[in-house]
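To start, the structure under review is shown below, and the notes come after it.
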Protein chains: 2
Amino acid sequence: MPSITRRRPRNPDGRAAVEARVLAATERLLREGIRFTDLGVQRIAAEAGVARSTFYTHFRDKTELLMRLAGTMRETSFGRTGEWSPAGPGDPLTTLTDVFADVIRIYRTYAPVLAAVSEVAAYDEVVREYWAAGLERFVARTVQALRVEQEAGRTPAGVDAETAGRLIVIGGDRFLADHVSATPADPETDAAAARELAATWWYGVYRRPA
Amino acid sequence: MPSITRRRPRNPDGRAAVEARVLAATERLLREGIRFTDLGVQRIAAEAGVARSTFYTHFRDKTELLMRLAGTMRETSFGRTGEWSPAGPGDPLTTLTDVFADVIRIYRTYAPVLAAVSEVAAYDEVVREYWAAGLERFVARTVQALRVEQEAGRTPAGVDAETAGRLIVIGGDRFLADHVSATPADPETDAAAARELAATWWYGVYRRPA
DNA sequence: CTCGTTGCCGGACACAGTGTCCGACATAGT
DNA sequence: ACTATGTCGGACACTGTGTCCGGCAACGAG
């Protein structure tokens with residue numbers, strides 16, 4: 001009867017280590033300002049110190065690489081940003097400002113990856129749907145919060161919650177991407193941006209006059 | 001002494017007619033939903049009924065073609081959108097709503113070209129600068145209008161005009177692109193979007209409480 | 001009519017990047 | 001020793017881009 005013991009490689013994390021190297025190399029190159037579309041697989045492989053054909057044993061293609069990068073970013077960062085509620089503790093305009101300050105921090109940290117996702121989303125259906133699904137979750141939360149405020153009579157019934165929610169999330173996303181790419185990482189500039197975002201949505205939407 | 005009379009082709013507009021055919025063909029294909037990045041020169045040439053090599057006698061490359069398309073769109077459409085002033089005649093919120101209704105109409109008419117420009121701007125420096133320059137003009141006007149309002153005491157001094165201007169233009173642009181791609185061309189939907197845009201910026205920025 | 005110019009056509013070529021496949025090799029475990 | 005695993009380097013097919021070229025049609029001047 002043949003043995004059923006299976007061989008184990010010495011380093012069971014060998015494959016994961018190579019993938020981590022490729023992901024890190026990609027991020028480094030994006031940080032240098034190279035557009036994802038202009039970034040060839042050979043360049044990524046060289047930066048990671050692996051053969052180009054090895055890249056393809058780990059990732060089906062560049063799009064899959066990007067989705068992996070984006071997934072990692074999402075896991076580590078975007079959890080807290082849906083927590084604000086107009087009825088929560090403290091002054092809601094202040095807490096909304098705090099949330100946007102956090103969001104700006106995240107956008108700054110992940111600016112290159114976010115830019116790459118946004119770039120590829122424009123012409124790749126898979127990435128587009130991935131990105132859109134993420135934004136749609138924020139839209140849904142925002143719309144829900146607006147509806148609660150409307151039922152409580154604090155937000156006027158005349159506010160179109162769906163449209164306003166899309167403006168806040170989709171418009172705000174693009175503004176943030178522009179902000180972090182166009183300004184240096186300066187605490188005062190970012191604080192001012194957080195205040196503007198919070199005040200504009202607060203007075204313009206949540207507490208718009210009837 | 002040799003004659004200095006030059007030959008004229010029978011149809012002096014022959015070249016222009018070919019270029020117009022190529023531009024129109026490109027628009028048709030974009031309207032079909034094909035991404036500009038996925039649209040090869042051979043496809044465009046075939047749709048226009050010219051040889052691929054002829055394409056290159058008229059356009060240096062696809063980017064130049066897109067810039068030509070965008071230039072034509074701009075000449076014919078965006079002139080009136082900078083004309084609103086908070087101090088102009090009539091109720092400013094109503095006139096701002098009217099302006100946004102017009103803007104939405106333009107975005108709908110040129111949605112495929114706008115999408116293509118936005119798509120390529122993400123990875124091509126020339127297109128990016130072209131697009132950014134256009135938006136920056138709107139930002140500058142908006143900031144100027146806000147400053148006038150602040151000096152007249154109608155907009156609070158606490159509003160960061162530069163940041164708010166960028167939010168209105170850059171955030172608004174992205175919202176509009178999303179709106180026209182995600183919703184059918186319906187007068188009520190577009191009117192609601194125009195109202196939301198106008199009211200959000202009006203109450204959230206121009207007439208934000210001090 | 002001939003001749004020369006213009007513009008387009010179709011095709012060939014070089015190039016770069018993508019994705020696939022393969023033989024060789026190093027390493028580790030049985 | 002043998003086998004399995006993972007990587008390497010290289011070759012190949014394919015696609016699209018950009019360039020170049022000879023041939024042809026249409027037109028105008030002499």
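Identifiers in this document derive from the order of the structure tokens: chains are assigned A, B, ..., residues are numbered from 1 separately in each chain, and ligands are numbered from 1 in order of occurrence.
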Pick out the residues sitting within 12 Å of DC21 (chain D), and hand them over as a PyMOL selection string; count only C-alpha atoms (C1' of nucleotides), and ignore anything fewer than 3 positions along from it in its own chain.
(chain B and resi 53) or (chain C and resi 9-13)
Could you do a least-squares fit of chain B on chain A over every C-alpha atom, in sequence order, and give the output as an mmCIF file with C-alpha atoms, in the first residue's frame?
```
data_model
loop_
_atom_site.group_PDB
_atom_site.id
_atom_site.type_symbol
_atom_site.label_atom_id
_atom_site.label_comp_id
_atom_site.auth_asym_id
_atom_site.auth_seq_id
_atom_site.Cartn_x
_atom_site.Cartn_y
_atom_site.Cartn_z
ATOM 1 C CA MET B 1 -0.627 0.709 -0.292
ATOM 2 C CA PRO B 2 1.132 3.953 -1.192
ATOM 3 C CA SER B 3 1.855 6.503 1.437
ATOM 4 C CA ILE B 4 -0.636 9.356 1.615
ATOM 5 C CA THR B 5 1.659 11.744 3.385
ATOM 6 C CA ARG B 6 2.254 14.765 1.232
ATOM 7 C CA ARG B 7 5.471 16.673 0.890
ATOM 8 C CA ARG B 8 5.532 20.140 2.346
ATOM 9 C CA PRO B 9 7.948 22.672 1.051
ATOM 10 C CA ARG B 10 10.368 23.852 3.638
ATOM 11 C CA ASN B 11 8.837 27.335 3.585
ATOM 12 C CA PRO B 12 5.056 26.951 3.360
ATOM 13 C CA ASP B 13 4.787 30.681 2.937
ATOM 14 C CA GLY B 14 7.052 30.753 -0.092
ATOM 15 C CA ARG B 15 4.328 31.509 -2.554
ATOM 16 C CA ALA B 16 2.754 34.078 -0.313
ATOM 17 C CA ALA B 17 6.106 35.781 0.102
ATOM 18 C CA VAL B 18 6.543 36.097 -3.662
ATOM 19 C CA GLU B 19 3.038 37.534 -4.009
ATOM 20 C CA ALA B 20 3.685 40.013 -1.247
ATOM 21 C CA ARG B 21 6.858 41.091 -3.021
ATOM 22 C CA VAL B 22 4.984 41.660 -6.251
ATOM 23 C CA LEU B 23 2.241 43.631 -4.508
ATOM 24 C CA ALA B 24 4.768 45.771 -2.664
ATOM 25 C CA ALA B 25 6.759 46.366 -5.846
ATOM 26 C CA THR B 26 3.641 47.499 -7.652
ATOM 27 C CA GLU B 27 2.813 49.947 -4.904
ATOM 28 C CA ARG B 28 6.327 51.359 -4.980
ATOM 29 C CA LEU B 29 6.137 51.936 -8.711
ATOM 30 C CA LEU B 30 2.707 53.544 -8.427
ATOM 31 C CA ARG B 31 4.074 55.822 -5.722
ATOM 32 C CA GLU B 32 6.769 56.917 -8.122
ATOM 33 C CA GLY B 33 3.988 58.327 -10.249
ATOM 34 C CA ILE B 34 3.877 55.733 -12.996
ATOM 35 C CA ARG B 35 0.404 55.234 -14.384
ATOM 36 C CA PHE B 36 -0.917 51.748 -13.960
ATOM 37 C CA THR B 37 -1.775 51.556 -17.629
ATOM 38 C CA ASP B 38 1.796 52.464 -18.515
ATOM 39 C CA LEU B 39 3.239 49.978 -16.071
ATOM 40 C CA GLY B 40 4.203 46.771 -17.849
ATOM 41 C CA VAL B 41 4.327 43.370 -16.215
ATOM 42 C CA GLN B 42 8.023 43.048 -16.987
ATOM 43 C CA ARG B 43 8.709 46.213 -15.006
ATOM 44 C CA ILE B 44 6.732 45.005 -12.033
ATOM 45 C CA ALA B 45 8.444 41.623 -12.141
ATOM 46 C CA ALA B 46 11.872 43.201 -12.293
ATOM 47 C CA GLU B 47 11.076 45.500 -9.377
ATOM 48 C CA ALA B 48 9.861 42.499 -7.374
ATOM 49 C CA GLY B 49 12.889 40.437 -8.349
ATOM 50 C CA VAL B 50 10.951 37.617 -10.019
ATOM 51 C CA ALA B 51 10.696 36.347 -13.555
ATOM 52 C CA ARG B 52 7.922 37.684 -15.706
ATOM 53 C CA SER B 53 6.527 34.204 -16.233
ATOM 54 C CA THR B 54 6.448 33.726 -12.474
ATOM 55 C CA PHE B 55 4.173 36.735 -12.213
ATOM 56 C CA TYR B 56 1.625 34.784 -14.251
ATOM 57 C CA THR B 57 1.749 31.793 -11.954
ATOM 58 C CA HIS B 58 0.474 34.056 -9.200
ATOM 59 C CA PHE B 59 -1.805 36.515 -10.969
ATOM 60 C CA ARG B 60 -3.977 35.880 -13.961
ATOM 61 C CA ASP B 61 -3.190 39.338 -15.300
ATOM 62 C CA LYS B 62 -2.516 42.894 -14.213
ATOM 63 C CA THR B 63 -6.153 43.505 -13.443
ATOM 64 C CA GLU B 64 -6.177 40.715 -10.912
ATOM 65 C CA LEU B 65 -3.082 42.207 -9.348
ATOM 66 C CA LEU B 66 -4.845 45.530 -8.993
ATOM 67 C CA MET B 67 -7.916 43.911 -7.478
ATOM 68 C CA ARG B 68 -5.682 42.247 -4.912
ATOM 69 C CA LEU B 69 -4.044 45.559 -4.073
ATOM 70 C CA ALA B 70 -7.409 47.246 -3.767
ATOM 71 C CA GLY B 71 -8.778 44.453 -1.627
ATOM 72 C CA THR B 72 -5.911 44.748 0.820
ATOM 73 C CA MET B 73 -6.394 48.491 1.005
ATOM 74 C CA ARG B 74 -10.092 48.133 1.667
ATOM 75 C CA GLU B 75 -9.684 45.579 4.450
ATOM 76 C CA THR B 76 -7.286 47.743 6.340
ATOM 77 C CA SER B 77 -8.866 51.135 5.957
ATOM 78 C CA PHE B 78 -12.420 51.852 5.034
ATOM 79 C CA GLY B 79 -14.248 50.241 7.910
ATOM 80 C CA ARG B 80 -14.706 53.229 10.120
ATOM 81 C CA THR B 81 -15.878 55.689 7.507
ATOM 82 C CA GLY B 82 -19.485 54.603 7.517
ATOM 83 C CA GLU B 83 -20.024 55.118 11.201
ATOM 84 C CA TRP B 84 -21.163 58.711 11.370
ATOM 85 C CA SER B 85 -24.800 59.400 12.106
ATOM 86 C CA PRO B 86 -26.501 62.802 12.390
ATOM 87 C CA ALA B 87 -28.230 61.527 15.529
ATOM 88 C CA GLY B 88 -25.076 60.194 17.163
ATOM 89 C CA PRO B 89 -23.366 61.594 20.241
ATOM 90 C CA GLY B 90 -21.779 65.016 20.156
ATOM 91 C CA ASP B 91 -22.191 67.860 17.718
ATOM 92 C CA PRO B 92 -22.935 66.204 14.346
ATOM 93 C CA LEU B 93 -21.144 68.839 12.274
ATOM 94 C CA THR B 94 -18.010 68.372 14.360
ATOM 95 C CA THR B 95 -18.145 64.589 14.177
ATOM 96 C CA LEU B 96 -18.805 64.741 10.433
ATOM 97 C CA THR B 97 -15.744 66.940 10.091
ATOM 98 C CA ASP B 98 -13.741 64.371 12.048
ATOM 99 C CA VAL B 99 -14.927 61.595 9.764
ATOM 100 C CA PHE B 100 -13.859 63.528 6.705
ATOM 101 C CA ALA B 101 -10.471 64.220 8.281
ATOM 102 C CA ASP B 102 -10.053 60.453 8.614
ATOM 103 C CA VAL B 103 -11.245 59.871 5.076
ATOM 104 C CA ILE B 104 -8.714 62.357 3.771
ATOM 105 C CA ARG B 105 -5.980 60.563 5.695
ATOM 106 C CA ILE B 106 -6.972 57.300 4.057
ATOM 107 C CA TYR B 107 -7.115 58.873 0.625
ATOM 108 C CA ARG B 108 -3.613 60.234 1.143
ATOM 109 C CA THR B 109 -2.216 56.959 2.353
ATOM 110 C CA TYR B 110 -3.631 55.014 -0.540
ATOM 111 C CA ALA B 111 -3.603 57.691 -3.198
ATOM 112 C CA PRO B 112 -1.544 55.724 -5.737
ATOM 113 C CA VAL B 113 -3.703 52.603 -5.498
ATOM 114 C CA LEU B 114 -6.910 54.617 -5.569
ATOM 115 C CA ALA B 115 -5.706 56.453 -8.636
ATOM 116 C CA ALA B 116 -4.866 53.177 -10.335
ATOM 117 C CA VAL B 117 -8.270 51.700 -9.553
ATOM 118 C CA SER B 118 -10.033 54.812 -10.773
ATOM 119 C CA GLU B 119 -7.922 54.821 -13.928
ATOM 120 C CA VAL B 120 -8.577 51.211 -14.829
ATOM 121 C CA ALA B 121 -12.232 51.406 -13.809
ATOM 122 C CA ALA B 122 -12.748 53.737 -16.745
ATOM 123 C CA TYR B 123 -12.015 51.021 -19.267
ATOM 124 C CA ASP B 124 -12.123 47.652 -17.519
ATOM 125 C CA GLU B 125 -15.538 46.282 -16.655
ATOM 126 C CA VAL B 126 -14.396 44.117 -13.739
ATOM 127 C CA VAL B 127 -12.574 46.909 -11.976
ATOM 128 C CA ARG B 128 -15.368 49.323 -12.734
ATOM 129 C CA GLU B 129 -17.949 47.110 -11.084
ATOM 130 C CA TYR B 130 -15.712 46.502 -8.108
ATOM 131 C CA TRP B 131 -15.192 50.195 -7.571
ATOM 132 C CA ALA B 132 -18.801 51.089 -8.210
ATOM 133 C CA ALA B 133 -19.973 48.454 -5.740
ATOM 134 C CA GLY B 134 -17.841 50.029 -3.036
ATOM 135 C CA LEU B 135 -19.189 53.510 -3.713
ATOM 136 C CA GLU B 136 -22.755 52.211 -3.911
ATOM 137 C CA ARG B 137 -22.441 50.918 -0.379
ATOM 138 C CA PHE B 138 -21.558 54.394 0.824
ATOM 139 C CA VAL B 139 -24.383 55.881 -1.234
ATOM 140 C CA ALA B 140 -26.865 53.469 0.315
ATOM 141 C CA ARG B 141 -25.756 54.355 3.826
ATOM 142 C CA THR B 142 -25.904 58.057 3.125
ATOM 143 C CA VAL B 143 -29.363 57.774 1.597
ATOM 144 C CA GLN B 144 -30.506 55.748 4.592
ATOM 145 C CA ALA B 145 -29.200 58.354 7.004
ATOM 146 C CA LEU B 146 -30.947 61.102 5.034
ATOM 147 C CA ARG B 147 -34.237 59.213 5.107
ATOM 148 C CA VAL B 148 -34.013 58.806 8.878
ATOM 149 C CA GLU B 149 -33.406 62.545 9.199
ATOM 150 C CA GLN B 150 -36.320 63.309 6.921
ATOM 151 C CA GLU B 151 -38.679 61.123 8.936
ATOM 152 C CA ALA B 152 -37.558 62.905 12.082
ATOM 153 C CA GLY B 153 -38.283 66.212 10.364
ATOM 154 C CA ARG B 154 -34.721 67.462 10.649
ATOM 155 C CA THR B 155 -33.968 67.261 6.937
ATOM 156 C CA PRO B 156 -36.568 68.826 4.633
ATOM 157 C CA ALA B 157 -38.819 66.505 2.678
ATOM 158 C CA GLY B 158 -37.859 68.429 -0.455
ATOM 159 C CA VAL B 159 -34.337 67.013 -0.435
ATOM 160 C CA ASP B 160 -34.019 64.226 -3.002
ATOM 161 C CA ALA B 161 -32.189 61.748 -0.812
ATOM 162 C CA GLU B 162 -31.051 59.515 -3.650
ATOM 163 C CA THR B 163 -29.572 62.341 -5.720
ATOM 164 C CA ALA B 164 -28.047 64.087 -2.724
ATOM 165 C CA GLY B 165 -26.525 60.829 -1.547
ATOM 166 C CA ARG B 166 -24.906 60.308 -4.916
ATOM 167 C CA LEU B 167 -23.608 63.865 -4.983
ATOM 168 C CA ILE B 168 -22.078 63.477 -1.526
ATOM 169 C CA VAL B 169 -20.387 60.157 -2.227
ATOM 170 C CA ILE B 170 -19.499 60.250 -5.905
ATOM 171 C CA GLY B 171 -18.821 63.961 -6.095
ATOM 172 C CA GLY B 172 -16.988 63.832 -2.780
ATOM 173 C CA ASP B 173 -14.854 60.898 -3.857
ATOM 174 C CA ARG B 174 -13.628 62.681 -6.940
ATOM 175 C CA PHE B 175 -12.981 65.880 -5.004
ATOM 176 C CA LEU B 176 -10.919 63.939 -2.490
ATOM 177 C CA ALA B 177 -8.863 62.203 -5.149
ATOM 178 C CA ASP B 178 -8.133 65.599 -6.683
ATOM 179 C CA HIS B 179 -7.351 67.112 -3.310
ATOM 180 C CA VAL B 180 -4.727 64.549 -2.319
ATOM 181 C CA SER B 181 -3.071 64.590 -5.719
ATOM 182 C CA ALA B 182 -3.047 68.370 -6.067
ATOM 183 C CA THR B 183 -1.997 69.444 -2.580
ATOM 184 C CA PRO B 184 0.935 68.530 -0.346
ATOM 185 C CA ALA B 185 0.233 66.505 2.780
ATOM 186 C CA ASP B 186 -0.290 69.471 5.068
ATOM 187 C CA PRO B 187 -2.440 69.222 8.232
ATOM 188 C CA GLU B 188 -3.988 72.670 7.817
ATOM 189 C CA THR B 189 -4.900 72.166 4.187
ATOM 190 C CA ASP B 190 -6.466 68.805 4.971
ATOM 191 C CA ALA B 191 -8.321 70.175 7.982
ATOM 192 C CA ALA B 192 -9.741 72.969 5.835
ATOM 193 C CA ALA B 193 -10.878 70.486 3.221
ATOM 194 C CA ALA B 194 -12.537 68.322 5.878
ATOM 195 C CA ARG B 195 -14.366 71.363 7.240
ATOM 196 C CA GLU B 196 -15.541 72.421 3.785
ATOM 197 C CA LEU B 197 -16.842 68.974 2.946
ATOM 198 C CA ALA B 198 -18.636 68.611 6.254
ATOM 199 C CA ALA B 199 -20.152 72.107 6.222
ATOM 200 C CA THR B 200 -21.235 71.954 2.590
ATOM 201 C CA TRP B 201 -23.092 68.702 3.014
ATOM 202 C CA TRP B 202 -24.401 69.630 6.473
ATOM 203 C CA TYR B 203 -25.898 72.981 5.544
ATOM 204 C CA GLY B 204 -26.567 72.191 1.917
ATOM 205 C CA VAL B 205 -28.210 68.811 2.435
ATOM 206 C CA TYR B 206 -28.784 67.584 6.005
ATOM 207 C CA ARG B 207 -29.899 70.932 7.380
ATOM 208 C CA ARG B 208 -30.978 72.620 4.193
ATOM 209 C CA PRO B 209 -33.698 75.174 4.870
ATOM 210 C CA ALA B 210 -37.139 73.936 3.938
#
```
Margin query: What are the residues of chain D lining chain A at 10 Å or less? Count only C-alpha atoms (C1' of nucleotides), and put the answer as number ranges by chain.
Written below: D: 3-9
Emit the selected residues as a PDB file, in the first residue's frame, including C-alpha atoms (C1' of nucleotides).
```pdb
ATOM      1  C1'  DT D   3       9.748  12.898  -6.625  1.00  0.00           C
ATOM      2  C1'  DA D   4       7.242  17.130  -6.053  1.00  0.00           C
ATOM      3  C1'  DT D   5       7.220  22.030  -5.982  1.00  0.00           C
ATOM      4  C1'  DG D   6       8.247  26.527  -7.478  1.00  0.00           C
ATOM      5  C1'  DT D   7      11.056  29.584 -10.160  1.00  0.00           C
ATOM      6  C1'  DC D   8      13.852  30.933 -14.038  1.00  0.00           C
ATOM      7  C1'  DG D   9      14.799  32.253 -18.779  1.00  0.00           C
TER       8       DG D   9
END
```
Item to complete: Write out as a count of residues only all residues of region 39-127 of chain B that backbone DSSP assigns to helix (DSSP H, G or I).
Response: 67
Give as a JSON list (two decimals) with N, CA and C atoms (P, O5', C5', C4', C3', O3' and C1' of nucleotides), in the first residue's frame every residue of chain C that touches chain B within 10 Å, counting only C-alpha atoms (C1' of nucleotides).
```json
[["chain", "number", "residue", "atom", "x", "y", "z"],
["C", 4, "DG", "P", 6.40, 65.04, -65.82],
["C", 4, "DG", "O5'", 5.69, 65.75, -64.58],
["C", 4, "DG", "C5'", 5.34, 67.12, -64.67],
["C", 4, "DG", "C4'", 4.45, 67.49, -63.53],
["C", 4, "DG", "C3'", 4.88, 66.91, -62.18],
["C", 4, "DG", "O3'", 4.78, 67.94, -61.21],
["C", 4, "DG", "C1'", 2.64, 66.29, -62.63],
["C", 5, "DT", "P", 5.31, 67.71, -59.72],
["C", 5, "DT", "O5'", 3.95, 67.81, -58.91],
["C", 5, "DT", "C5'", 3.07, 68.89, -59.17],
["C", 5, "DT", "C4'", 1.77, 68.68, -58.45],
["C", 5, "DT", "C3'", 1.93, 68.18, -57.00],
["C", 5, "DT", "O3'", 1.18, 69.03, -56.16],
["C", 5, "DT", "C1'", 0.41, 66.80, -58.18],
["C", 6, "DT", "P", 1.35, 68.94, -54.58],
["C", 6, "DT", "O5'", 0.01, 68.16, -54.17],
["C", 6, "DT", "C5'", -1.23, 68.63, -54.67],
["C", 6, "DT", "C4'", -2.30, 67.62, -54.37],
["C", 6, "DT", "C3'", -2.23, 67.03, -52.97],
["C", 6, "DT", "O3'", -3.46, 67.29, -52.33],
["C", 6, "DT", "C1'", -2.49, 65.32, -54.59],
["C", 7, "DG", "P", -3.58, 67.18, -50.74],
["C", 7, "DG", "O5'", -4.29, 65.77, -50.61],
["C", 7, "DG", "C5'", -5.51, 65.56, -51.29],
["C", 7, "DG", "C4'", -5.85, 64.08, -51.29],
["C", 7, "DG", "C3'", -5.62, 63.40, -49.93],
["C", 7, "DG", "O3'", -6.84, 62.78, -49.57],
["C", 7, "DG", "C1'", -4.65, 62.13, -51.69],
["C", 8, "DC", "P", -7.01, 61.99, -48.18],
["C", 8, "DC", "O5'", -7.18, 60.50, -48.70],
["C", 8, "DC", "C5'", -8.13, 60.24, -49.73],
["C", 8, "DC", "C4'", -7.93, 58.84, -50.26],
["C", 8, "DC", "C3'", -7.83, 57.80, -49.14],
["C", 8, "DC", "O3'", -8.86, 56.83, -49.35],
["C", 8, "DC", "C1'", -6.06, 57.55, -50.71],
["C", 9, "DC", "P", -9.02, 55.60, -48.34],
["C", 9, "DC", "O5'", -8.27, 54.44, -49.12],
["C", 9, "DC", "C5'", -8.66, 54.13, -50.47],
["C", 9, "DC", "C4'", -7.83, 52.98, -50.97],
["C", 9, "DC", "C3'", -7.69, 51.87, -49.93],
["C", 9, "DC", "O3'", -8.24, 50.67, -50.47],
["C", 9, "DC", "C1'", -5.54, 52.53, -50.76],
["C", 10, "DG", "P", -8.59, 49.47, -49.45],
["C", 10, "DG", "O5'", -7.29, 48.57, -49.55],
["C", 10, "DG", "C5'", -6.80, 48.21, -50.84],
["C", 10, "DG", "C4'", -5.46, 47.55, -50.68],
["C", 10, "DG", "C3'", -5.38, 46.55, -49.52],
["C", 10, "DG", "O3'", -4.81, 45.36, -50.02],
["C", 10, "DG", "C1'", -3.64, 48.16, -49.33]]
```
